[in-house]
file upload.txt (compact mmCIF, C-alpha atoms and all ligand atoms)
# COMPACT_ATOMS: atom_id res chain seq x y z
CA MET A 10 73.34 88.83 78.88
CA LYS A 11 76.98 89.29 79.86
CA HIS A 12 77.10 91.69 82.80
CA THR A 13 79.33 94.75 82.95
CA THR A 14 79.73 97.33 85.69
CA LYS A 15 77.37 99.51 83.64
CA SER A 16 74.60 96.88 83.53
CA ILE A 17 75.02 96.38 87.28
CA ILE A 18 74.71 100.12 87.99
CA ASN A 19 71.66 100.31 85.71
CA LYS A 20 69.80 97.80 87.88
CA LYS A 21 69.69 100.20 90.86
CA GLY A 22 66.07 100.96 91.63
CA VAL A 23 64.90 98.61 88.85
CA GLU A 24 65.65 95.08 90.04
CA LYS A 25 67.45 93.63 93.08
CA LEU A 26 71.00 92.43 92.43
CA VAL A 27 72.04 88.89 93.35
CA MET A 28 75.65 88.13 94.26
CA ILE A 29 76.93 84.68 95.29
CA THR A 30 80.49 83.74 96.23
CA ALA A 31 82.43 81.07 94.31
CA TYR A 32 86.04 79.97 94.47
CA ASP A 33 86.26 77.49 91.58
CA ALA A 34 84.83 76.81 88.12
CA ILE A 35 82.18 74.25 89.19
CA PHE A 36 80.49 76.47 91.77
CA ALA A 37 80.86 79.57 89.56
CA ARG A 38 79.09 77.81 86.67
CA LEU A 39 76.23 76.73 88.97
CA ALA A 40 75.76 80.24 90.39
CA ASP A 41 75.80 81.63 86.86
CA LYS A 42 73.25 79.09 85.57
CA ALA A 43 71.01 80.07 88.52
CA GLY A 44 71.09 83.67 87.29
CA ALA A 45 73.44 85.42 89.70
CA ASP A 46 74.32 88.95 88.52
CA LEU A 47 77.69 88.96 90.23
CA ILE A 48 80.05 86.23 91.41
CA LEU A 49 82.33 87.21 94.26
CA VAL A 50 85.62 85.41 94.64
CA GLY A 51 85.61 86.48 98.26
CA ASP A 52 88.48 86.12 100.68
CA SER A 53 85.88 84.07 102.60
CA LEU A 54 87.77 81.46 100.56
CA GLY A 55 90.00 81.41 103.66
CA ASN A 56 87.42 80.53 106.31
CA THR A 57 85.41 78.22 104.02
CA PHE A 58 87.24 76.05 101.49
CA LEU A 59 90.80 76.65 102.78
CA GLY A 60 89.98 75.86 106.42
CA PHE A 61 91.49 78.97 108.07
CA ASP A 62 89.81 80.61 111.10
CA ASN A 63 89.23 83.90 109.25
CA THR A 64 90.16 85.79 106.08
CA VAL A 65 93.46 87.22 107.36
CA PRO A 66 95.79 84.42 106.11
CA VAL A 67 94.51 84.67 102.50
CA THR A 68 97.30 85.90 100.20
CA ILE A 69 97.28 87.53 96.78
CA ASP A 70 98.64 84.27 95.25
CA MET A 71 95.66 82.34 96.67
CA MET A 72 93.25 84.97 95.36
CA VAL A 73 94.79 84.94 91.86
CA HIS A 74 94.67 81.11 91.72
CA HIS A 75 91.00 80.90 92.70
CA THR A 76 89.91 83.93 90.67
CA ALA A 77 91.45 82.37 87.55
CA ALA A 78 89.49 79.15 88.22
CA VAL A 79 86.23 81.12 88.51
CA SER A 80 87.01 83.14 85.36
CA ARG A 81 87.54 79.93 83.37
CA ALA A 82 83.82 79.21 83.93
CA LYS A 83 83.19 82.13 81.51
CA THR A 84 80.10 83.35 83.34
CA ASN A 85 77.59 85.99 82.33
CA ALA A 86 77.79 87.16 85.92
CA LEU A 87 80.35 89.87 86.62
CA VAL A 88 83.39 88.33 88.36
CA VAL A 89 84.48 90.42 91.35
CA ALA A 90 87.62 89.41 93.29
CA ASP A 91 88.59 90.44 96.79
CA MET A 92 91.81 92.32 97.49
CA PRO A 93 93.26 90.37 100.44
CA PHE A 94 94.20 91.45 103.97
CA ALA A 95 95.87 94.88 104.32
CA SER A 96 96.48 95.29 100.58
CA ALA A 97 94.78 98.70 100.45
CA HIS A 98 97.34 99.87 103.02
CA HIS A 99 100.40 99.01 100.92
CA SER A 100 102.04 101.72 98.85
CA PHE A 101 99.92 102.56 95.82
CA ASP A 102 102.47 100.92 93.49
CA ARG A 103 102.26 97.60 95.32
CA LEU A 104 98.44 97.85 95.52
CA LEU A 105 98.34 98.46 91.77
CA ASP A 106 100.62 95.46 91.12
CA ASP A 107 98.32 93.19 93.19
CA ALA A 108 95.23 94.62 91.49
CA LYS A 109 96.78 94.07 88.06
CA ARG A 110 97.50 90.43 88.92
CA LEU A 111 93.85 89.81 89.84
CA VAL A 112 92.67 91.42 86.62
CA GLN A 113 95.36 90.21 84.17
CA GLU A 114 96.20 86.73 85.56
CA GLY A 115 92.93 86.06 87.41
CA GLY A 116 90.57 87.54 84.82
CA ALA A 117 88.58 89.52 87.43
CA GLN A 118 86.29 92.17 85.95
CA ALA A 119 86.17 94.15 89.19
CA LEU A 120 87.88 94.17 92.59
CA LYS A 121 86.33 94.53 96.03
CA ILE A 122 88.32 96.41 98.63
CA GLU A 123 87.59 96.71 102.36
CA GLY A 124 87.97 100.20 103.81
CA GLY A 125 86.24 103.56 104.16
CA ALA A 126 87.10 107.17 103.30
CA ILE A 127 90.68 106.53 104.44
CA ILE A 128 91.36 104.54 101.24
CA ALA A 129 89.26 106.74 98.91
CA ASP A 130 92.35 108.33 97.31
CA LYS A 131 93.74 104.89 96.42
CA VAL A 132 90.34 103.78 95.08
CA LYS A 133 90.32 106.86 92.84
CA ARG A 134 93.79 106.05 91.50
CA LEU A 135 92.79 102.43 90.79
CA VAL A 136 89.66 103.63 88.99
CA ASP A 137 91.81 106.11 87.02
CA ALA A 138 93.99 103.13 86.02
CA GLY A 139 90.91 101.42 84.58
CA ILE A 140 90.10 99.06 87.46
CA ALA A 141 86.46 98.72 88.52
CA VAL A 142 86.15 98.88 92.30
CA MET A 143 83.40 97.67 94.63
CA ALA A 144 83.79 99.28 98.06
CA HIS A 145 83.23 97.24 101.26
CA ILE A 146 82.24 99.09 104.46
CA GLY A 147 80.30 98.47 107.68
CA LEU A 148 81.91 95.37 109.19
CA GLU A 149 85.29 94.85 107.51
CA PRO A 150 86.13 91.21 108.34
CA GLN A 151 89.84 91.80 107.60
CA GLN A 152 89.82 93.90 110.82
CA VAL A 153 88.87 90.87 112.94
CA LEU A 154 92.15 90.73 114.88
CA ARG A 155 91.90 94.41 115.83
CA LEU A 156 88.17 94.19 116.63
CA GLY A 157 88.51 90.94 118.57
CA GLY A 158 85.52 89.45 116.74
CA TYR A 159 82.68 90.36 114.40
CA LYS A 160 79.94 92.85 115.27
CA LYS A 161 77.21 94.95 113.68
CA PHE A 162 78.03 98.58 112.77
CA GLY A 163 75.92 101.68 112.28
CA ALA A 164 73.40 101.45 115.12
CA ASN A 165 74.56 104.64 116.89
CA ASP A 166 74.81 108.20 115.54
CA ALA A 167 78.62 108.28 115.30
CA GLU A 168 78.85 104.98 113.41
CA ARG A 169 75.90 105.94 111.16
CA ALA A 170 77.59 109.25 110.25
CA LYS A 171 80.91 107.49 109.55
CA ILE A 172 79.35 104.82 107.32
CA LEU A 173 77.45 107.49 105.36
CA ALA A 174 80.61 109.62 104.97
CA ASP A 175 82.61 106.51 103.90
CA ALA A 176 79.97 105.58 101.30
CA LYS A 177 79.90 109.11 99.85
CA ALA A 178 83.72 109.36 99.72
CA LEU A 179 83.99 106.00 97.95
CA GLU A 180 81.21 106.85 95.49
CA GLU A 181 83.02 110.13 94.79
CA ALA A 182 86.25 108.16 94.28
CA GLY A 183 84.51 106.17 91.53
CA ALA A 184 83.43 102.90 93.19
CA PHE A 185 80.74 101.30 90.99
CA SER A 186 78.98 99.71 93.97
CA ILE A 187 79.18 99.56 97.74
CA LEU A 188 78.97 96.41 99.84
CA LEU A 189 77.52 96.93 103.31
CA GLU A 190 78.33 94.10 105.74
CA MET A 191 76.59 93.64 109.11
CA THR A 192 75.28 97.18 108.98
CA ASP A 193 72.25 98.40 110.91
CA ALA A 194 69.25 98.10 108.55
CA ASP A 195 68.20 101.79 108.92
CA THR A 196 71.75 102.95 108.21
CA ALA A 197 71.96 100.64 105.15
CA LYS A 198 68.67 102.14 103.92
CA LEU A 199 69.99 105.68 104.44
CA VAL A 200 73.19 104.86 102.51
CA THR A 201 71.21 103.17 99.72
CA GLU A 202 69.03 106.28 99.35
CA SER A 203 72.03 108.64 99.52
CA VAL A 204 74.30 107.20 96.81
CA SER A 205 73.71 106.77 93.09
CA VAL A 206 75.55 103.44 92.84
CA PRO A 207 74.03 100.13 93.99
CA THR A 208 74.50 98.88 97.54
CA ILE A 209 74.83 95.16 98.18
CA GLY A 210 74.05 93.97 101.68
CA ILE A 211 75.03 91.03 103.83
CA GLY A 212 73.42 91.10 107.26
CA ALA A 213 72.36 94.69 106.44
CA GLY A 214 68.58 94.39 106.06
CA SER A 215 66.33 94.34 103.03
CA ALA A 216 66.61 97.93 101.77
CA CYS A 217 69.94 97.42 99.96
CA ASP A 218 69.91 97.29 96.15
CA GLY A 219 71.13 93.69 96.28
CA GLN A 220 72.20 90.86 98.54
CA VAL A 221 75.25 88.61 98.77
CA LEU A 222 75.75 85.35 100.65
CA VAL A 223 78.66 82.94 100.91
CA CYS A 224 77.97 79.83 98.79
CA ALA A 225 78.92 77.40 101.54
CA ASP A 226 76.36 79.07 103.86
CA ILE A 227 73.53 79.04 101.28
CA LEU A 228 74.18 75.38 100.50
CA GLY A 229 74.51 74.00 104.03
CA LEU A 230 78.22 73.18 103.69
CA SER A 231 79.46 75.42 106.53
CA GLU A 232 79.87 74.08 110.06
CA LYS A 233 78.79 77.43 111.59
CA VAL A 234 76.78 80.20 109.92
CA PRO A 235 76.19 83.83 110.95
CA PRO A 236 72.68 84.54 112.30
CA PHE A 237 71.53 86.50 109.20
CA VAL A 238 72.16 83.56 106.82
CA LYS A 239 69.33 81.56 105.28
CA GLN A 240 70.29 78.02 104.24
CA TYR A 241 68.56 76.95 101.03
CA ALA A 242 69.90 73.36 100.99
CA LYS A 243 71.61 70.81 103.19
CA LEU A 244 74.28 69.69 100.73
CA GLY A 245 76.67 68.75 103.55
CA GLU A 246 74.30 65.96 104.57
CA THR A 247 73.67 64.92 100.93
CA ILE A 248 77.39 64.74 100.13
CA GLU A 249 78.22 62.82 103.29
CA ALA A 250 75.47 60.27 102.51
CA ALA A 251 76.76 59.85 98.93
CA TYR A 252 80.36 59.33 100.14
CA ARG A 253 79.10 56.83 102.75
CA SER A 254 77.19 54.84 100.07
CA TYR A 255 80.27 54.79 97.84
CA ALA A 256 82.50 53.66 100.74
CA ASP A 257 80.00 50.95 101.75
CA GLU A 258 79.84 49.64 98.17
CA VAL A 259 83.63 49.60 97.78
CA ARG A 260 84.01 47.72 101.07
CA SER A 261 81.22 45.24 100.26
CA GLY A 262 82.50 44.62 96.70
CA LYS A 263 79.29 45.99 95.13
CA PHE A 264 81.30 48.71 93.31
CA PRO A 265 82.84 48.39 90.77
CA GLN A 266 80.81 45.67 89.08
CA GLY A 267 82.40 43.05 86.89
CA LYS A 268 86.14 42.31 86.55
O1 LIG B 1 84.76 87.42 101.30
C1 LIG B 1 83.53 87.43 101.18
O2 LIG B 1 82.87 86.44 100.83
C2 LIG B 1 82.83 88.66 101.45
C3 LIG B 1 81.37 88.55 101.75
C4 LIG B 1 81.18 88.12 103.15
C5 LIG B 1 80.66 89.75 101.40
O3 LIG B 1 83.42 89.70 101.51
call {"tool": "encode", "arguments": {"input": "upload.txt", "output": "structure tokens"}}
result
Amino acid sequence: MKHTTKSIINKKGVEKLVMITAYDAIFARLADKAGADLILVGDSLGNTFLGFDNTVPVTIDMMVHHTAAVSRAKTNALVVADMPFASAHHSFDRLLDDAKRLVQEGGAQALKIEGGAIIADKVKRLVDAGIAVMAHIGLEPQQVLRLGGYKKFGANDAERAKILADAKALEEAGAFSILLEMTDADTAKLVTESVSVPTIGIGAGSACDGQVLVCADILGLSEKVPPFVKQYAKLGETIEAAYRSYADEVRSGKFPQGK
């Protein structure tokens, strides 16, 4: 079944949602064949496949290029693309231009935007323009330079109240789902029970309506992984061994065979 924002919303309280990141057609197709409900073309593109230290250097051109590659896999999973660093803080016209590029050139079916109640008015205007928006609150990795690192949010009363208020404002603005990153598990549960749209957690406990992980982390391709990640394979080791066998055979003359 080809997913839509409606089919994703309808899964709340019925079945857990599965979201996996992908940045190209090969990995998107594999995530889709495995039954992912949503594929996120995350700006984690930057600190995984593009080799940057964090997501800040990722530009709209990079996001459009990789989103288009994922869309060409023609998945049943809903393709969600990240709005890159600071884009929600541009003028609305520029934000809309960037959003249109991800949808029209990249083929994204929905966009994920980091930010709380402060961007709710812009989220509402995007939704009014026909763009499906997934909100992203809790830890916002695009704030890494200001924060001086990554940390968990929502463990104290003030942060819990802010995350709940952000979630409600973004739901009210029309977001079709809310991603909660590195959010205290009790706070994530409270948000999940307080909004009518699905929550998708990463490092936010088990009460969320769904979970997302970065493909390189799941597959054992990342050099460092956050503590909440579970690795389901060690593909880094498998790939290195295959490359080593190929190199050995080229050097020894075993490959290619014949003339
Ligand atoms: O960019 C990304 O992959 C993300 C996830 C960490 C949720 O935003």
call {"tool": "closest_atom_pairs", "arguments": {"input": "upload.txt", "of": "chain A", "to": "ligand LIG 1 (chain B)", "cutoff": "10 Å", "atoms": "all atoms listed in the file", "output": "JSON lines"}}
result
{"residue": "A:Met28", "atom": "CA", "partner": "B:LIG1", "partner_atom": "C5", "distance": 8.9}
{"residue": "A:Ile29", "atom": "CA", "partner": "B:LIG1", "partner_atom": "O2", "distance": 8.3}
{"residue": "A:Thr30", "atom": "CA", "partner": "B:LIG1", "partner_atom": "O2", "distance": 5.8}
{"residue": "A:Ala31", "atom": "CA", "partner": "B:LIG1", "partner_atom": "O2", "distance": 8.5}
{"residue": "A:Tyr32", "atom": "CA", "partner": "B:LIG1", "partner_atom": "O2", "distance": 9.6}
{"residue": "A:Ile48", "atom": "CA", "partner": "B:LIG1", "partner_atom": "O2", "distance": 9.8}
{"residue": "A:Leu49", "atom": "CA", "partner": "B:LIG1", "partner_atom": "O2", "distance": 6.6}
{"residue": "A:Val50", "atom": "CA", "partner": "B:LIG1", "partner_atom": "O2", "distance": 6.9}
{"residue": "A:Gly51", "atom": "CA", "partner": "B:LIG1", "partner_atom": "O1", "distance": 3.3}
{"residue": "A:Asp52", "atom": "CA", "partner": "B:LIG1", "partner_atom": "O1", "distance": 4.0}
{"residue": "A:Ser53", "atom": "CA", "partner": "B:LIG1", "partner_atom": "O1", "distance": 3.8}
{"residue": "A:Leu54", "atom": "CA", "partner": "B:LIG1", "partner_atom": "O1", "distance": 6.7}
{"residue": "A:Gly55", "atom": "CA", "partner": "B:LIG1", "partner_atom": "O1", "distance": 8.3}
{"residue": "A:Asn56", "atom": "CA", "partner": "B:LIG1", "partner_atom": "O1", "distance": 8.9}
{"residue": "A:Thr57", "atom": "CA", "partner": "B:LIG1", "partner_atom": "O2", "distance": 9.2}
{"residue": "A:Asn63", "atom": "CA", "partner": "B:LIG1", "partner_atom": "O1", "distance": 9.8}
{"residue": "A:Thr64", "atom": "CA", "partner": "B:LIG1", "partner_atom": "O1", "distance": 7.4}
{"residue": "A:Ala90", "atom": "CA", "partner": "B:LIG1", "partner_atom": "O1", "distance": 8.7}
{"residue": "A:Asp91", "atom": "CA", "partner": "B:LIG1", "partner_atom": "O1", "distance": 6.6}
{"residue": "A:Met92", "atom": "CA", "partner": "B:LIG1", "partner_atom": "O1", "distance": 9.4}
{"residue": "A:Pro93", "atom": "CA", "partner": "B:LIG1", "partner_atom": "O1", "distance": 9.0}
{"residue": "A:Lys121", "atom": "CA", "partner": "B:LIG1", "partner_atom": "O3", "distance": 7.9}
{"residue": "A:Ile122", "atom": "CA", "partner": "B:LIG1", "partner_atom": "O3", "distance": 8.8}
{"residue": "A:Glu123", "atom": "CA", "partner": "B:LIG1", "partner_atom": "O3", "distance": 8.2}
{"residue": "A:His145", "atom": "CA", "partner": "B:LIG1", "partner_atom": "O3", "distance": 7.5}
{"residue": "A:Ile146", "atom": "CA", "partner": "B:LIG1", "partner_atom": "O3", "distance": 9.9}
{"residue": "A:Leu148", "atom": "CA", "partner": "B:LIG1", "partner_atom": "C4", "distance": 9.5}
{"residue": "A:Glu149", "atom": "CA", "partner": "B:LIG1", "partner_atom": "O3", "distance": 8.1}
{"residue": "A:Pro150", "atom": "CA", "partner": "B:LIG1", "partner_atom": "O3", "distance": 7.5}
{"residue": "A:Gln151", "atom": "CA", "partner": "B:LIG1", "partner_atom": "O3", "distance": 9.1}
{"residue": "A:Leu188", "atom": "CA", "partner": "B:LIG1", "partner_atom": "C5", "distance": 7.0}
{"residue": "A:Leu189", "atom": "CA", "partner": "B:LIG1", "partner_atom": "C5", "distance": 8.1}
{"residue": "A:Glu190", "atom": "CA", "partner": "B:LIG1", "partner_atom": "C5", "distance": 6.6}
{"residue": "A:Met191", "atom": "CA", "partner": "B:LIG1", "partner_atom": "C4", "distance": 9.3}
{"residue": "A:Ile209", "atom": "CA", "partner": "B:LIG1", "partner_atom": "C5", "distance": 8.6}
{"residue": "A:Gly210", "atom": "CA", "partner": "B:LIG1", "partner_atom": "C5", "distance": 7.8}
{"residue": "A:Ile211", "atom": "CA", "partner": "B:LIG1", "partner_atom": "C5", "distance": 6.3}
{"residue": "A:Gly212", "atom": "CA", "partner": "B:LIG1", "partner_atom": "C4", "distance": 9.3}
{"residue": "A:Gln220", "atom": "CA", "partner": "B:LIG1", "partner_atom": "C5", "distance": 9.0}
{"residue": "A:Val221", "atom": "CA", "partner": "B:LIG1", "partner_atom": "C5", "distance": 6.1}
{"residue": "A:Leu222", "atom": "CA", "partner": "B:LIG1", "partner_atom": "C3", "distance": 6.6}
{"residue": "A:Val223", "atom": "CA", "partner": "B:LIG1", "partner_atom": "O2", "distance": 5.5}
{"residue": "A:Cys224", "atom": "CA", "partner": "B:LIG1", "partner_atom": "O2", "distance": 8.5}
{"residue": "A:Ala225", "atom": "CA", "partner": "B:LIG1", "partner_atom": "O2", "distance": 9.9}
call {"tool": "atom_distance", "arguments": {"input": "upload.txt", "atom1": "CA of Gly125 (chain A)", "atom2": "CA of Glu168 (chain A)"}}
result
11.9 Å
call {"tool": "residues_around", "arguments": {"input": "upload.txt", "residues": "Glu24 (chain A)", "least_positions_apart": "5", "cutoff": "12 Å", "atoms": "all atoms listed in the file", "output": "number ranges by chain"}}
result
A: 16-19, 46, 207, 217-220
call {"tool": "write_last_selection", "arguments": {"input": "upload.txt", "atoms": "C-alpha atoms", "output": "PDB file, keeping the file's coordinate frame"}}
result
ATOM      1  CA  SER A  16      74.600  96.880  83.530  1.00  0.00           C
ATOM      2  CA  ILE A  17      75.020  96.380  87.280  1.00  0.00           C
ATOM      3  CA  ILE A  18      74.710 100.120  87.990  1.00  0.00           C
ATOM      4  CA  ASN A  19      71.660 100.310  85.710  1.00  0.00           C
ATOM      5  CA  ASP A  46      74.320  88.950  88.520  1.00  0.00           C
ATOM      6  CA  PRO A 207      74.030 100.130  93.990  1.00  0.00           C
ATOM      7  CA  CYS A 217      69.940  97.420  99.960  1.00  0.00           C
ATOM      8  CA  ASP A 218      69.910  97.290  96.150  1.00  0.00           C
ATOM      9  CA  GLY A 219      71.130  93.690  96.280  1.00  0.00           C
ATOM     10  CA  GLN A 220      72.200  90.860  98.540  1.00  0.00           C
TER      11      GLN A 220
END
call {"tool": "residues_around", "arguments": {"input": "upload.txt", "residues": "region 171-181 of chain A", "least_positions_apart": "3", "cutoff": "8 Å", "atoms": "only C-alpha atoms", "output": "short mmCIF file (atom, residue, chain, number, x, y, z; two decimals) with C-alpha atoms, keeping the file's coordinate frame"}}
result
data_model
loop_
_atom_site.label_atom_id
_atom_site.label_comp_id
_atom_site.auth_asym_id
_atom_site.auth_seq_id
_atom_site.Cartn_x
_atom_site.Cartn_y
_atom_site.Cartn_z
CA GLY A 125 86.24 103.56 104.16
CA ALA A 126 87.10 107.17 103.30
CA ALA A 129 89.26 106.74 98.91
CA VAL A 132 90.34 103.78 95.08
CA ALA A 144 83.79 99.28 98.06
CA ILE A 146 82.24 99.09 104.46
CA GLY A 147 80.30 98.47 107.68
CA GLY A 163 75.92 101.68 112.28
CA ALA A 167 78.62 108.28 115.30
CA GLU A 168 78.85 104.98 113.41
CA ALA A 184 83.43 102.90 93.19
CA PHE A 185 80.74 101.30 90.99
CA SER A 186 78.98 99.71 93.97
CA ILE A 187 79.18 99.56 97.74
CA THR A 196 71.75 102.95 108.21
CA LEU A 199 69.99 105.68 104.44
CA VAL A 200 73.19 104.86 102.51
CA SER A 203 72.03 108.64 99.52
CA VAL A 204 74.30 107.20 96.81
CA SER A 205 73.71 106.77 93.09
CA VAL A 206 75.55 103.44 92.84
#
call {"tool": "atom_distance", "arguments": {"input": "upload.txt", "atom1": "CA of Ala164 (chain A)", "atom2": "CA of Asp193 (chain A)"}}
result
5.3 Å
call {"tool": "closest_residue", "arguments": {"input": "upload.txt", "among": "A:Ala45, A:Leu104, A:Arg38, A:His99", "to": "Ala82 (chain A)", "atoms": "all atoms listed in the file"}}
result
A:Arg38
call {"tool": "closest_residue", "arguments": {"input": "upload.txt", "among": "A:Thr192, A:Ala40, A:Gly245, A:Gly116", "to": "Tyr159 (chain A)", "atoms": "only C-alpha atoms"}}
result
A:Thr192
call {"tool": "residues_near_point", "arguments": {"input": "upload.txt", "point": "(79.5, 71.6, 109.9)", "cutoff": "12 Å", "atoms": "all atoms listed in the file", "output": "PyMOL selection string"}}
result
chain A and resi 57+60+225-226+228-234+243-246+249
call {"tool": "axis_aligned_box", "arguments": {"input": "upload.txt", "around": "region 87-106 of chain A", "padding_each_side": "6 Å", "output": "JSON"}}
result
{"center_x": 91.4, "center_y": 95.4, "center_z": 95.5, "size_x": 34.1, "size_y": 26.2, "size_z": 29.7}
call {"tool": "residues_around", "arguments": {"input": "upload.txt", "residues": "Lys198 (chain A)", "least_positions_apart": "3", "cutoff": "8 Å", "atoms": "all atoms listed in the file", "output": "PyMOL selection string"}}
result
chain A and resi 194-195+201-202+216-217
call {"tool": "atom_distance", "arguments": {"input": "upload.txt", "atom1": "CA of Lys11 (chain A)", "atom2": "CA of Val27 (chain A)"}}
result
14.4 Å
call {"tool": "closest_residue", "arguments": {"input": "upload.txt", "among": "A:Val112, A:Ala95, A:Leu156, A:Val89", "to": "Gly139 (chain A)", "atoms": "only C-alpha atoms"}}
result
A:Val112
call {"tool": "closest_residue", "arguments": {"input": "upload.txt", "among": "A:Ala250, A:Leu111, A:Leu87, A:Ala97", "to": "Leu26 (chain A)", "atoms": "all atoms listed in the file"}}
result
A:Leu87
call {"tool": "build_atoms", "arguments": {"input": "upload.txt", "residues": "region 222-229 of chain A", "atoms": "all heavy atoms", "output": "PDB file, in the coordinates of the input"}}
result
ATOM      1  N   LEU A 222      75.496  86.357  99.617  1.00  0.00           N
ATOM      2  CA  LEU A 222      75.750  85.350 100.650  1.00  0.00           C
ATOM      3  C   LEU A 222      76.915  84.481 100.198  1.00  0.00           C
ATOM      4  O   LEU A 222      77.196  84.368  98.995  1.00  0.00           O
ATOM      5  CB  LEU A 222      74.507  84.473 100.903  1.00  0.00           C
ATOM      6  CG  LEU A 222      73.377  85.062 101.766  1.00  0.00           C
ATOM      7  CD1 LEU A 222      72.220  84.065 101.890  1.00  0.00           C
ATOM      8  CD2 LEU A 222      73.863  85.461 103.173  1.00  0.00           C
ATOM      9  N   VAL A 223      77.553  83.868 101.167  1.00  0.00           N
ATOM     10  CA  VAL A 223      78.660  82.940 100.910  1.00  0.00           C
ATOM     11  C   VAL A 223      78.070  81.600 100.466  1.00  0.00           C
ATOM     12  O   VAL A 223      77.146  81.081 101.108  1.00  0.00           O
ATOM     13  CB  VAL A 223      79.512  82.801 102.193  1.00  0.00           C
ATOM     14  CG1 VAL A 223      80.498  81.651 102.097  1.00  0.00           C
ATOM     15  CG2 VAL A 223      80.225  84.120 102.494  1.00  0.00           C
ATOM     16  N   CYS A 224      78.584  81.040  99.365  1.00  0.00           N
ATOM     17  CA  CYS A 224      77.970  79.830  98.790  1.00  0.00           C
ATOM     18  C   CYS A 224      77.878  78.688  99.799  1.00  0.00           C
ATOM     19  O   CYS A 224      76.858  77.994  99.875  1.00  0.00           O
ATOM     20  CB  CYS A 224      78.705  79.396  97.512  1.00  0.00           C
ATOM     21  SG  CYS A 224      80.433  78.955  97.758  1.00  0.00           S
ATOM     22  N   ALA A 225      78.921  78.511 100.594  1.00  0.00           N
ATOM     23  CA  ALA A 225      78.920  77.400 101.540  1.00  0.00           C
ATOM     24  C   ALA A 225      77.793  77.556 102.576  1.00  0.00           C
ATOM     25  O   ALA A 225      77.234  76.555 103.054  1.00  0.00           O
ATOM     26  CB  ALA A 225      80.271  77.305 102.238  1.00  0.00           C
ATOM     27  N   ASP A 226      77.446  78.804 102.896  1.00  0.00           N
ATOM     28  CA  ASP A 226      76.360  79.070 103.860  1.00  0.00           C
ATOM     29  C   ASP A 226      75.000  78.793 103.221  1.00  0.00           C
ATOM     30  O   ASP A 226      74.128  78.167 103.828  1.00  0.00           O
ATOM     31  CB  ASP A 226      76.412  80.525 104.346  1.00  0.00           C
ATOM     32  CG  ASP A 226      77.654  80.820 105.174  1.00  0.00           C
ATOM     33  OD1 ASP A 226      78.332  79.873 105.598  1.00  0.00           O
ATOM     34  OD2 ASP A 226      77.938  82.019 105.390  1.00  0.00           O
ATOM     35  N   ILE A 227      74.811  79.262 101.972  1.00  0.00           N
ATOM     36  CA  ILE A 227      73.530  79.040 101.280  1.00  0.00           C
ATOM     37  C   ILE A 227      73.265  77.535 101.152  1.00  0.00           C
ATOM     38  O   ILE A 227      72.135  77.071 101.282  1.00  0.00           O
ATOM     39  CB  ILE A 227      73.575  79.611  99.829  1.00  0.00           C
ATOM     40  CG1 ILE A 227      73.800  81.110  99.820  1.00  0.00           C
ATOM     41  CG2 ILE A 227      72.305  79.242  99.052  1.00  0.00           C
ATOM     42  CD1 ILE A 227      73.950  81.706  98.420  1.00  0.00           C
ATOM     43  N   LEU A 228      74.337  76.786 100.887  1.00  0.00           N
ATOM     44  CA  LEU A 228      74.180  75.380 100.500  1.00  0.00           C
ATOM     45  C   LEU A 228      74.205  74.405 101.672  1.00  0.00           C
ATOM     46  O   LEU A 228      73.999  73.207 101.475  1.00  0.00           O
ATOM     47  CB  LEU A 228      75.296  74.998  99.513  1.00  0.00           C
ATOM     48  CG  LEU A 228      75.290  75.778  98.196  1.00  0.00           C
ATOM     49  CD1 LEU A 228      76.519  75.443  97.363  1.00  0.00           C
ATOM     50  CD2 LEU A 228      74.012  75.485  97.408  1.00  0.00           C
ATOM     51  N   GLY A 229      74.465  74.915 102.884  1.00  0.00           N
ATOM     52  CA  GLY A 229      74.510  74.000 104.030  1.00  0.00           C
ATOM     53  C   GLY A 229      75.805  73.205 104.057  1.00  0.00           C
ATOM     54  O   GLY A 229      75.822  72.040 104.454  1.00  0.00           O
TER      55      GLY A 229
END
